[in-house]
>>> print(open('protein32.csv').read())   # CSV, C-alpha atoms
chain,number,residue,atom,x,y,z
Q,1,MET,CA,-16.3,16.0,43.0
Q,2,ALA,CA,-12.9,15.2,41.4
Q,3,GLU,CA,-10.9,12.4,42.9
Q,4,SER,CA,-7.9,13.5,45.0
Q,5,TYR,CA,-4.5,11.9,44.8
Q,6,VAL,CA,-1.6,11.9,47.2
Q,7,LEU,CA,0.7,11.0,44.3
Q,8,GLU,CA,0.5,11.5,40.5
Q,9,MET,CA,3.1,10.6,38.0
Q,10,ARG,CA,2.1,12.0,34.6
Q,11,ASN,CA,3.4,11.0,31.2
Q,12,VAL,CA,6.7,9.6,32.5
Q,13,SER,CA,9.2,8.2,30.0
Q,14,LYS,CA,12.7,6.8,30.5
Q,15,ALA,CA,15.2,5.3,28.1
Q,16,PHE,CA,18.4,3.5,28.5
Q,17,PRO,CA,20.9,2.7,25.7
Q,18,GLY,CA,19.0,0.5,23.3
Q,19,VAL,CA,15.9,0.2,25.6
Q,20,GLN,CA,12.8,2.3,26.0
Q,21,ALA,CA,12.1,1.3,29.7
Q,22,LEU,CA,9.1,3.6,30.2
Q,23,SER,CA,6.8,5.2,27.6
Q,24,ASP,CA,4.3,7.9,28.6
Q,25,VAL,CA,3.3,6.2,31.9
Q,26,THR,CA,0.7,7.7,34.2
Q,27,PHE,CA,0.3,6.5,37.8
Q,28,LYS,CA,-2.0,7.8,40.5
Q,29,VAL,CA,-2.3,6.8,44.1
Q,30,ARG,CA,-5.2,7.7,46.4
Q,31,PRO,CA,-4.4,8.7,50.0
Q,32,GLY,CA,-4.6,6.0,52.7
Q,33,THR,CA,-4.7,3.1,50.2
Q,34,VAL,CA,-2.6,0.1,49.2
Q,35,HIS,CA,-2.0,0.4,45.5
Q,36,ALA,CA,-0.6,-2.7,43.8
Q,37,LEU,CA,1.7,-2.1,40.8
Q,38,MET,CA,1.9,-5.2,38.6
Q,39,GLY,CA,3.4,-6.5,35.4
Q,40,GLU,CA,5.7,-9.2,34.0
Q,41,ASN,CA,9.4,-9.0,34.6
Q,42,GLY,CA,10.7,-6.1,32.5
Q,43,ALA,CA,7.4,-4.3,32.4
Q,44,GLY,CA,8.9,-1.2,34.0
Q,45,LYS,CA,7.6,-1.3,37.6
Q,46,SER,CA,10.9,-0.9,39.4
Q,47,THR,CA,12.1,1.6,36.9
Q,48,LEU,CA,9.0,3.8,37.4
Q,49,MET,CA,9.4,3.6,41.2
Q,50,LYS,CA,13.1,4.5,40.9
Q,51,CYS,CA,12.1,7.6,39.0
Q,52,LEU,CA,9.8,8.4,41.8
Q,53,PHE,CA,12.5,7.9,44.4
Q,54,GLY,CA,15.1,9.9,42.6
Q,55,ILE,CA,17.4,7.1,41.7
Q,56,TYR,CA,16.7,7.7,38.0
Q,57,LYS,CA,15.8,11.0,36.4
Q,58,PRO,CA,12.9,10.7,33.9
Q,59,ASP,CA,13.5,11.9,30.4
Q,60,GLU,CA,10.0,13.2,30.3
Q,61,GLY,CA,7.0,13.6,32.7
Q,62,ASP,CA,6.1,15.2,35.9
Q,63,ILE,CA,5.5,14.2,39.5
Q,64,TYR,CA,2.8,15.7,41.7
Q,65,LEU,CA,2.3,15.3,45.5
Q,66,ASN,CA,-1.1,16.4,46.8
Q,67,GLY,CA,-1.7,18.4,43.6
Q,68,ASP,CA,1.6,20.3,43.7
Q,69,LYS,CA,4.3,19.7,41.1
Q,70,VAL,CA,7.6,18.6,42.7
Q,71,ALA,CA,11.2,18.1,41.5
Q,72,ILE,CA,12.8,14.9,42.8
Q,73,ASN,CA,16.4,14.8,41.7
Q,74,SER,CA,17.7,12.5,44.4
Q,75,SER,CA,16.6,10.0,47.1
Q,76,LYS,CA,17.1,12.8,49.7
Q,77,ASP,CA,14.6,14.9,47.8
Q,78,ALA,CA,12.1,12.0,47.8
Q,79,LEU,CA,12.6,11.5,51.6
Q,80,ASN,CA,12.2,15.2,52.2
Q,81,HIS,CA,8.9,15.1,50.2
Q,82,GLY,CA,7.6,12.2,52.3
Q,83,ILE,CA,8.4,9.4,49.9
Q,84,SER,CA,10.2,6.2,51.1
Q,85,MET,CA,11.2,3.1,49.2
Q,86,ILE,CA,11.9,-0.4,50.7
Q,87,HIS,CA,13.9,-2.2,48.0
Q,88,GLN,CA,13.6,-5.9,47.2
Q,89,GLU,CA,17.3,-6.4,48.1
Q,90,LEU,CA,17.7,-5.1,51.6
Q,91,HIS,CA,21.1,-3.4,52.4
Q,92,PRO,CA,21.4,-2.5,56.1
Q,93,VAL,CA,24.7,-1.8,57.7
Q,94,PRO,CA,25.2,-5.3,59.2
Q,95,HIS,CA,27.7,-4.5,61.9
Q,96,ARG,CA,25.7,-1.6,63.4
Q,97,ASN,CA,22.7,-2.1,65.7
Q,98,VAL,CA,19.1,-1.8,64.8
Q,99,MET,CA,18.5,1.8,66.1
Q,100,GLU,CA,21.7,3.0,64.4
Q,101,ASN,CA,20.4,1.7,61.1
Q,102,ILE,CA,17.1,3.4,61.5
Q,103,TRP,CA,18.5,6.8,62.4
Q,104,LEU,CA,21.6,6.7,60.3
Q,105,GLY,CA,22.6,10.2,59.3
Q,106,ARG,CA,20.0,11.7,61.7
Q,107,PHE,CA,21.4,10.6,65.1
Q,108,PRO,CA,20.0,12.7,68.0
Q,109,MET,CA,22.8,14.6,69.6
Q,110,THR,CA,23.5,16.0,73.1
Q,111,GLY,CA,26.0,18.4,74.5
Q,112,PHE,CA,27.4,21.6,73.0
Q,113,TRP,CA,29.8,22.2,70.2
Q,114,PRO,CA,32.6,21.1,69.9
Q,115,LEU,CA,31.7,18.5,72.5
Q,116,LYS,CA,28.6,16.9,71.0
Q,117,PHE,CA,27.8,13.2,71.4
Q,118,VAL,CA,25.2,10.8,70.1
Q,119,ASN,CA,22.2,10.7,72.5
Q,120,GLU,CA,21.8,6.9,72.6
Q,121,LYS,CA,19.1,7.1,75.3
Q,122,GLN,CA,17.0,9.4,73.1
Q,123,MET,CA,17.6,7.2,70.0
Q,124,ALA,CA,16.5,4.1,71.9
Q,125,ALA,CA,13.4,5.8,73.2
Q,126,ASP,CA,12.4,7.0,69.7
Q,127,THR,CA,13.0,3.6,68.3
Q,128,LEU,CA,10.9,1.8,70.9
Q,129,ARG,CA,8.1,4.4,70.4
Q,130,LEU,CA,7.9,3.5,66.7
Q,131,PHE,CA,8.1,-0.2,67.4
Q,132,ARG,CA,5.1,0.1,69.8
Q,133,GLU,CA,3.1,2.0,67.2
Q,134,LEU,CA,3.7,-0.8,64.6
Q,135,ASP,CA,3.6,-3.7,67.0
Q,136,ILE,CA,7.2,-4.8,66.2
Q,137,ASP,CA,9.2,-6.8,68.7
Q,138,ILE,CA,13.0,-6.2,68.1
Q,139,ASP,CA,15.8,-5.3,70.5
Q,140,PRO,CA,16.9,-1.8,69.4
Q,141,ARG,CA,20.5,-2.7,70.4
Q,142,ALA,CA,20.6,-6.0,68.5
Q,143,ARG,CA,23.2,-6.3,65.8
Q,144,THR,CA,21.4,-5.9,62.5
Q,145,GLY,CA,23.5,-8.6,60.7
Q,146,ALA,CA,22.1,-11.2,63.1
Q,147,LEU,CA,18.4,-10.5,62.2
Q,148,SER,CA,16.2,-12.5,59.9
Q,149,VAL,CA,15.1,-11.1,56.6
Q,150,SER,CA,11.6,-10.4,57.9
Q,151,LYS,CA,13.0,-8.4,60.9
Q,152,ILE,CA,15.3,-6.4,58.6
Q,153,GLN,CA,12.3,-5.7,56.5
Q,154,SER,CA,10.4,-4.5,59.6
Q,155,LEU,CA,13.3,-2.3,60.4
Q,156,GLU,CA,13.1,-0.7,56.9
Q,157,ILE,CA,9.4,0.0,57.4
Q,158,VAL,CA,10.2,1.7,60.8
Q,159,LYS,CA,12.8,3.8,59.0
Q,160,ALA,CA,10.3,4.9,56.4
Q,161,VAL,CA,7.8,5.8,59.2
Q,162,SER,CA,10.5,7.7,61.0
Q,163,TYR,CA,10.7,10.0,58.0
Q,164,HIS,CA,7.0,10.8,58.4
Q,165,SER,CA,6.5,9.3,54.9
Q,166,LYS,CA,3.0,9.6,53.3
Q,167,VAL,CA,4.0,7.3,50.4
Q,168,ILE,CA,5.9,4.1,51.0
Q,169,VAL,CA,7.0,1.9,48.1
Q,170,MET,CA,7.4,-1.8,48.9
Q,171,ASP,CA,9.2,-3.8,46.1
Q,172,GLU,CA,8.5,-7.5,46.4
Q,173,PRO,CA,8.3,-7.4,50.2
Q,174,THR,CA,7.0,-11.0,50.7
Q,175,SER,CA,9.5,-12.8,48.4
Q,176,SER,CA,11.5,-14.2,51.3
Q,177,LEU,CA,8.8,-14.4,54.0
Q,178,THR,CA,7.0,-17.3,55.6
Q,179,GLY,CA,3.2,-17.3,55.9
Q,180,ASN,CA,3.3,-16.0,59.5
Q,181,GLU,CA,5.7,-13.3,58.5
Q,182,VAL,CA,3.5,-12.2,55.6
Q,183,GLU,CA,0.6,-12.0,58.1
Q,184,HIS,CA,2.6,-9.7,60.3
Q,185,LEU,CA,3.7,-7.5,57.4
Q,186,PHE,CA,0.0,-7.2,56.4
Q,187,SER,CA,-0.9,-6.1,59.9
Q,188,ILE,CA,1.7,-3.4,59.8
Q,189,MET,CA,0.4,-2.3,56.3
Q,190,ASN,CA,-3.1,-2.1,57.7
Q,191,ARG,CA,-2.0,0.0,60.6
Q,192,LEU,CA,-0.2,2.4,58.2
Q,193,ARG,CA,-3.2,2.6,55.9
Q,194,SER,CA,-5.5,3.4,58.9
Q,195,GLN,CA,-3.0,6.3,59.6
Q,196,GLY,CA,-3.5,7.7,56.1
Q,197,VAL,CA,-0.2,6.4,54.7
Q,198,SER,CA,-0.4,5.3,51.0
Q,199,ILE,CA,1.6,2.1,50.1
Q,200,VAL,CA,2.7,1.2,46.6
Q,201,TYR,CA,3.0,-2.6,46.6
Q,202,ILE,CA,5.0,-4.4,43.9
Q,203,SER,CA,4.4,-8.1,43.8
Q,204,HIS,CA,3.8,-11.1,41.5
Q,205,LYS,CA,1.7,-12.9,44.1
Q,206,MET,CA,-1.9,-12.7,42.9
Q,207,GLU,CA,-3.6,-13.9,46.0
Q,208,GLU,CA,-1.8,-11.3,48.2
Q,209,ILE,CA,-2.5,-8.6,45.7
Q,210,LEU,CA,-6.3,-9.3,45.7
Q,211,ARG,CA,-6.3,-9.6,49.5
Q,212,ILE,CA,-4.3,-6.5,50.6
Q,213,SER,CA,-4.8,-4.0,47.8
Q,214,ASP,CA,-7.4,-1.3,47.2
Q,215,ASP,CA,-6.3,-0.4,43.7
Q,216,VAL,CA,-4.3,-2.3,41.0
Q,217,THR,CA,-2.3,-0.7,38.2
Q,218,ILE,CA,-0.9,-3.0,35.5
Q,219,MET,CA,2.0,-2.2,33.2
Q,220,ARG,CA,3.2,-4.1,30.1
Q,221,ASP,CA,6.4,-3.5,28.1
Q,222,GLY,CA,7.1,-0.2,29.8
Q,223,LYS,CA,3.5,1.2,29.1
Q,224,TYR,CA,0.5,1.9,31.3
Q,225,VAL,CA,-2.3,-0.6,30.7
Q,226,GLY,CA,-4.9,0.6,33.3
Q,227,THR,CA,-6.0,0.9,36.9
Q,228,TRP,CA,-8.8,-1.0,38.5
Q,229,GLN,CA,-10.2,-1.4,42.0
Q,230,ALA,CA,-9.0,-4.7,43.4
Q,231,GLY,CA,-12.5,-6.0,43.9
Q,232,GLU,CA,-13.1,-5.8,40.2
Q,233,LEU,CA,-10.3,-8.2,39.4
Q,234,THR,CA,-9.6,-11.9,39.4
Q,235,THR,CA,-6.3,-13.8,39.1
Q,236,ASP,CA,-7.2,-14.7,35.5
Q,237,LEU,CA,-8.1,-11.1,34.6
Q,238,ILE,CA,-4.8,-9.8,36.0
Q,239,ILE,CA,-2.8,-12.3,34.1
Q,240,THR,CA,-4.6,-11.6,30.8
Q,241,ARG,CA,-4.0,-7.9,31.2
Q,242,MET,CA,-0.4,-8.4,32.2
Q,243,VAL,CA,0.5,-10.5,29.1
Q,244,GLY,CA,-2.0,-9.0,26.7
Q,245,ARG,CA,-3.7,-12.2,25.7
Q,246,ASP,CA,-5.7,-15.1,27.1
Q,247,LEU,CA,-3.7,-17.9,28.5
Q,248,THR,CA,-5.3,-21.2,27.6
Q,249,GLU,CA,-2.7,-23.2,29.5
Q,250,ARG,CA,-1.5,-21.7,32.8
Q,251,TYR,CA,0.1,-25.0,33.8
Q,252,PRO,CA,1.3,-26.8,30.6
Q,253,GLU,CA,1.8,-30.6,30.8
Q,254,ARG,CA,5.3,-31.5,31.7
Q,255,THR,CA,7.1,-33.5,29.0
Q,256,ASN,CA,10.4,-33.9,30.9
Q,257,MET,CA,11.5,-37.6,31.5
Q,258,PRO,CA,14.2,-37.8,34.2
Q,259,GLY,CA,16.8,-40.4,33.6
Q,260,GLU,CA,19.0,-42.5,35.9
Q,261,THR,CA,19.9,-41.6,39.5
Q,262,ARG,CA,22.7,-39.0,39.6
Q,263,MET,CA,22.9,-38.4,43.4
Q,264,GLN,CA,21.7,-40.6,46.2
Q,265,VAL,CA,21.7,-39.3,49.8
Q,266,ARG,CA,21.0,-41.7,52.7
Q,267,GLN,CA,20.4,-40.9,56.4
Q,268,LEU,CA,22.5,-37.8,56.3
Q,269,SER,CA,22.8,-36.0,59.7
Q,270,SER,CA,24.4,-32.8,60.6
Q,271,SER,CA,27.2,-32.6,63.3
Q,272,ASN,CA,24.9,-30.0,64.9
Q,273,PRO,CA,22.2,-32.0,66.8
Q,274,LYS,CA,19.8,-29.0,66.3
Q,275,SER,CA,20.2,-29.1,62.6
Q,276,PHE,CA,19.0,-31.6,59.9
Q,277,GLN,CA,18.9,-35.3,60.8
Q,278,ASN,CA,18.4,-38.5,58.8
Q,279,VAL,CA,17.7,-36.9,55.5
Q,280,SER,CA,17.4,-39.2,52.4
Q,281,PHE,CA,16.6,-38.4,48.8
Q,282,GLU,CA,17.5,-39.3,45.2
Q,283,LEU,CA,18.2,-36.8,42.3
Q,284,ARG,CA,17.9,-38.1,38.8
Q,285,LYS,CA,19.4,-36.9,35.6
Q,286,GLY,CA,17.5,-34.0,34.1
Q,287,GLU,CA,15.4,-33.5,37.2
Q,288,ILE,CA,14.7,-30.5,39.3
Q,289,LEU,CA,14.2,-31.5,43.0
Q,290,GLY,CA,12.6,-29.0,45.3
Q,291,ILE,CA,13.5,-28.8,49.0
Q,292,GLY,CA,10.7,-27.1,50.9
Q,293,GLY,CA,10.1,-26.0,54.4
Q,294,LEU,CA,9.6,-23.0,56.6
Q,295,VAL,CA,12.3,-20.6,57.8
Q,296,GLY,CA,14.4,-22.6,60.3
Q,297,ALA,CA,13.7,-26.0,58.6
Q,298,GLN,CA,17.4,-26.3,57.9
Q,299,ARG,CA,17.0,-26.3,54.1
Q,300,THR,CA,20.0,-24.1,53.5
Q,301,GLU,CA,22.1,-26.0,56.0
Q,302,LEU,CA,21.4,-29.3,54.2
Q,303,VAL,CA,22.5,-27.9,50.8
Q,304,GLU,CA,25.6,-26.4,52.3
Q,305,ALA,CA,26.5,-29.7,53.9
Q,306,LEU,CA,26.1,-31.4,50.5
Q,307,PHE,CA,28.6,-28.9,49.1
Q,308,GLY,CA,31.1,-29.5,52.0
Q,309,LEU,CA,30.5,-26.2,53.7
Q,310,ARG,CA,29.1,-27.8,56.9
Q,311,PRO,CA,30.2,-31.0,58.7
Q,312,VAL,CA,28.1,-34.1,58.8
Q,313,ALA,CA,28.1,-36.7,61.5
Q,314,SER,CA,26.7,-39.7,59.6
Q,315,GLY,CA,25.1,-40.8,56.4
Q,316,THR,CA,26.3,-41.4,52.8
Q,317,ILE,CA,26.3,-39.5,49.5
Q,318,SER,CA,26.7,-41.3,46.2
Q,319,ILE,CA,27.3,-39.7,42.8
Q,320,ASN,CA,26.5,-41.9,39.8
Q,321,GLY,CA,26.3,-44.9,42.0
Q,322,LYS,CA,29.7,-44.4,43.7
Q,323,PRO,CA,30.0,-43.3,47.4
Q,324,VAL,CA,31.9,-40.0,47.8
Q,325,LYS,CA,33.3,-38.1,50.7
Q,326,ILE,CA,32.6,-34.4,50.5
Q,327,LYS,CA,34.3,-32.5,53.3
Q,328,SER,CA,35.0,-29.3,51.4
Q,329,PRO,CA,33.8,-27.3,48.4
Q,330,SER,CA,36.9,-28.5,46.6
Q,331,ASP,CA,35.7,-32.1,47.0
Q,332,ALA,CA,32.2,-31.0,45.7
Q,333,LYS,CA,33.8,-29.4,42.6
Q,334,LYS,CA,35.8,-32.6,41.9
Q,335,ASN,CA,32.5,-34.4,41.7
Q,336,ASN,CA,31.1,-31.8,39.3
Q,337,MET,CA,28.8,-30.0,41.8
Q,338,ALA,CA,28.1,-26.3,42.0
Q,339,LEU,CA,26.3,-24.1,44.6
Q,340,LEU,CA,24.3,-21.0,44.1
Q,341,THR,CA,24.1,-19.5,47.6
Q,342,GLU,CA,21.0,-18.1,49.2
Q,343,GLU,CA,22.5,-14.6,49.8
Q,344,ARG,CA,24.2,-13.9,46.4
Q,345,ARG,CA,25.6,-10.5,47.3
Q,346,VAL,CA,27.0,-11.7,50.7
Q,347,THR,CA,28.3,-15.2,50.0
Q,348,GLY,CA,28.0,-15.7,46.2
Q,349,ILE,CA,30.1,-13.0,44.6
Q,350,PHE,CA,33.2,-10.8,45.2
Q,351,PRO,CA,31.7,-7.3,44.7
Q,352,VAL,CA,35.2,-5.7,44.4
Q,353,LEU,CA,36.1,-7.9,41.4
Q,354,SER,CA,34.9,-7.6,37.8
Q,355,VAL,CA,32.2,-9.7,36.2
Q,356,TYR,CA,34.8,-11.8,34.3
Q,357,GLU,CA,36.8,-12.4,37.5
Q,358,ASN,CA,33.7,-13.5,39.4
Q,359,THR,CA,32.8,-15.8,36.4
Q,360,VAL,CA,36.2,-17.6,36.3
Q,361,ILE,CA,37.2,-17.6,40.0
Q,362,ALA,CA,35.7,-21.1,40.6
Q,363,ASN,CA,38.1,-22.6,37.9
Q,364,LEU,CA,41.2,-20.5,38.1
Q,365,GLN,CA,43.5,-23.3,37.0
Q,366,ARG,CA,41.9,-23.2,33.5
Q,367,TYR,CA,42.9,-19.6,33.1
Q,368,GLN,CA,46.4,-19.5,34.6
Q,369,ASN,CA,49.4,-19.3,32.3
Q,370,TRP,CA,52.9,-20.8,33.0
Q,371,ALA,CA,53.6,-18.0,35.5
Q,372,PHE,CA,50.4,-18.6,37.4
Q,373,LEU,CA,49.0,-15.3,36.1
Q,374,LEU,CA,45.4,-15.0,34.8
Q,375,ASN,CA,45.0,-15.2,31.1
Q,376,GLU,CA,42.6,-12.2,31.1
Q,377,ARG,CA,41.7,-12.4,27.4
Q,378,ARG,CA,40.6,-16.0,27.6
Q,379,GLY,CA,38.7,-15.4,30.7
Q,380,ILE,CA,36.7,-12.5,29.2
Q,381,GLU,CA,36.0,-14.5,26.1
Q,382,ASP,CA,34.6,-17.4,28.1
Q,383,ALA,CA,32.6,-15.0,30.4
Q,384,ARG,CA,30.9,-13.5,27.3
>>> encode(input="protein32.csv", output="structure tokens")
Amino acid sequence: MAESYVLEMRNVSKAFPGVQALSDVTFKVRPGTVHALMGENGAGKSTLMKCLFGIYKPDEGDIYLNGDKVAINSSKDALNHGISMIHQELHPVPHRNVMENIWLGRFPMTGFWPLKFVNEKQMAADTLRLFRELDIDIDPRARTGALSVSKIQSLEIVKAVSYHSKVIVMDEPTSSLTGNEVEHLFSIMNRLRSQGVSIVYISHKMEEILRISDDVTIMRDGKYVGTWQAGELTTDLIITRMVGRDLTERYPERTNMPGETRMQVRQLSSSNPKSFQNVSFELRKGEILGIGGLVGAQRTELVEALFGLRPVASGTISINGKPVKIKSPSDAKKNNMALLTEERRVTGIFPVLSVYENTVIANLQRYQNWAFLLNERRGIEDAR
């Protein structure tokens, strides 16, 4: 008896100017399974899924759902066909509450035209019902912007289920989660799988792939390499098929030799007694220093304090052997420090400005002329 598939993408190709992103790719998903989609960065995984979700239109190829050919020209078409996608970068409406984000554009209404109103009681009841089904504990009326990344991700899963989706694409869902949060996500995925939902799971984390997946499809350079049952694979086999060759050295010997101490932090404590206390470390020239810890360990708060974004109560910071006072980002800049923020889109860039303006904004004095106007030509040249 022939294998049945809930989803088939046949001979899909997609090109962008100067780049052949997908070449004759075939992808098949069995009902009620977790199907991992793997490949190196640039292999075409996200592009293929964006073709499935109607964000991109394939140049060639067809999509079949339960054996029937379908046309997906927009994300709305995909949702109407029972396909949902949870993107790697989550974009809820931060100032609206949880249930409003879930039912956005589909609010239950009450009353009669022209006096119709949002039925918040019904919306809350529907939200709580879905939360109970998936064992999710979130206040439906909580402001979404105040939630953790893991809870926003749970919200997105609930939204997908609310569309009665039979195929849910998850793009790097565990990239920002702690171990406990990953376990909770997997329990939700197992519940969905038991209900007959198929999940396309994009991840680079081999151990998670081998643990949660039923099938694994590997792509390389925009092309389909093959599909295997997860039980047939090992981490080494996956890596070999992803890169197309055997890797003799997965962890090459480090030859870097850090130099003298550049930054020295001693007994640094936050003004907030619930935040970091008595932190000490040294950073040497040419060294990468990792700061680890679970969510809530105050890693981000520490880095922001070093850059002058948060007040400190005590402790010292020395740069090149000299004590410095860093009470603002301006002080940090004067000491040749820079900060790449955790939430790039929220606190790292100005989305309404151009690429060149974002590039030069930290050093405007360099690009101002005698009238304090920006020298756009010079800024664009440096940005390039």
>>> residues_around(input="protein32.csv", residues="Ile326 of chain Q", least_positions_apart="2", cutoff="10 Å", atoms="only C-alpha atoms", output="number ranges by chain")
Q: 305-312, 316-317, 323-324, 328-335
>>> residues_near_point(input="protein32.csv", point="(-0.2, 19.3, 45.1)", cutoff="10 Å", atoms="all atoms listed in the file", output="list in words")
Ser4, Tyr5, Val6, Leu7, Glu8, Ile63, Tyr64, Leu65, Asn66, Gly67, Asp68, Lys69 and Val70 of chain Q
>>> residues_near_point(input="protein32.csv", point="(24.5, -39.8, 47.8)", cutoff="9 Å", atoms="all atoms listed in the file", output="ChimeraX atom specification")
/Q:262-266,268,280-283,306,315-324
>>> residues_around(input="protein32.csv", residues="segment 73-79 of chain Q", least_positions_apart="4", cutoff="7 Å", atoms="only C-alpha atoms", output="list in words")
Phe53, Gly54, Ile55, Lys57, Ile83, Ser84 and Tyr163 of chain Q
>>> closest_atom_pairs(input="protein32.csv", of="segment 242-303 of chain Q", to="segment 177-180 of chain Q", cutoff="12 Å", atoms="all atoms listed in the file", output="tab-separated table")
residue	atom	partner	partner_atom	distance
Q:Gly292	CA	Q:Thr178	CA	11.5
Q:Gly293	CA	Q:Thr178	CA	9.3
Q:Leu294	CA	Q:Thr178	CA	6.3
Q:Val295	CA	Q:Thr178	CA	6.6
Q:Gly296	CA	Q:Thr178	CA	10.2
Q:Ala297	CA	Q:Thr178	CA	11.4
>>> closest_residue(input="protein32.csv", among="Q:Ile188, Q:Met257, Q:Leu339, Q:Ile202", to="Thr300 of chain Q", atoms="only C-alpha atoms")
Q:Leu339
>>> closest_residue(input="protein32.csv", among="Q:Arg254, Q:Arg96, Q:Lys327, Q:Arg141", to="Ala124 of chain Q", atoms="all atoms listed in the file")
Q:Arg141
>>> atom_distance(input="protein32.csv", atom1="atom CA of Val98 of chain Q", atom2="atom CA of Leu185 of chain Q")
18.0 Å
>>> closest_atom_pairs(input="protein32.csv", of="segment 158-269 of chain Q", to="segment 19-24 of chain Q", cutoff="10 Å", atoms="only C-alpha atoms", output="tab-separated table")
residue	atom	partner	partner_atom	distance
Q:Met219	CA	Q:Leu22	CA	9.6
Q:Arg220	CA	Q:Leu22	CA	9.7
Q:Asp221	CA	Q:Ala21	CA	7.6
Q:Gly222	CA	Q:Leu22	CA	4.3
Q:Lys223	CA	Q:Ser23	CA	5.4
Q:Tyr224	CA	Q:Asp24	CA	7.6
>>> closest_residue(input="protein32.csv", among="Q:Ile138, Q:Leu37, Q:Val303, Q:Ala146", to="Met99 of chain Q", atoms="all atoms listed in the file")
Q:Ile138
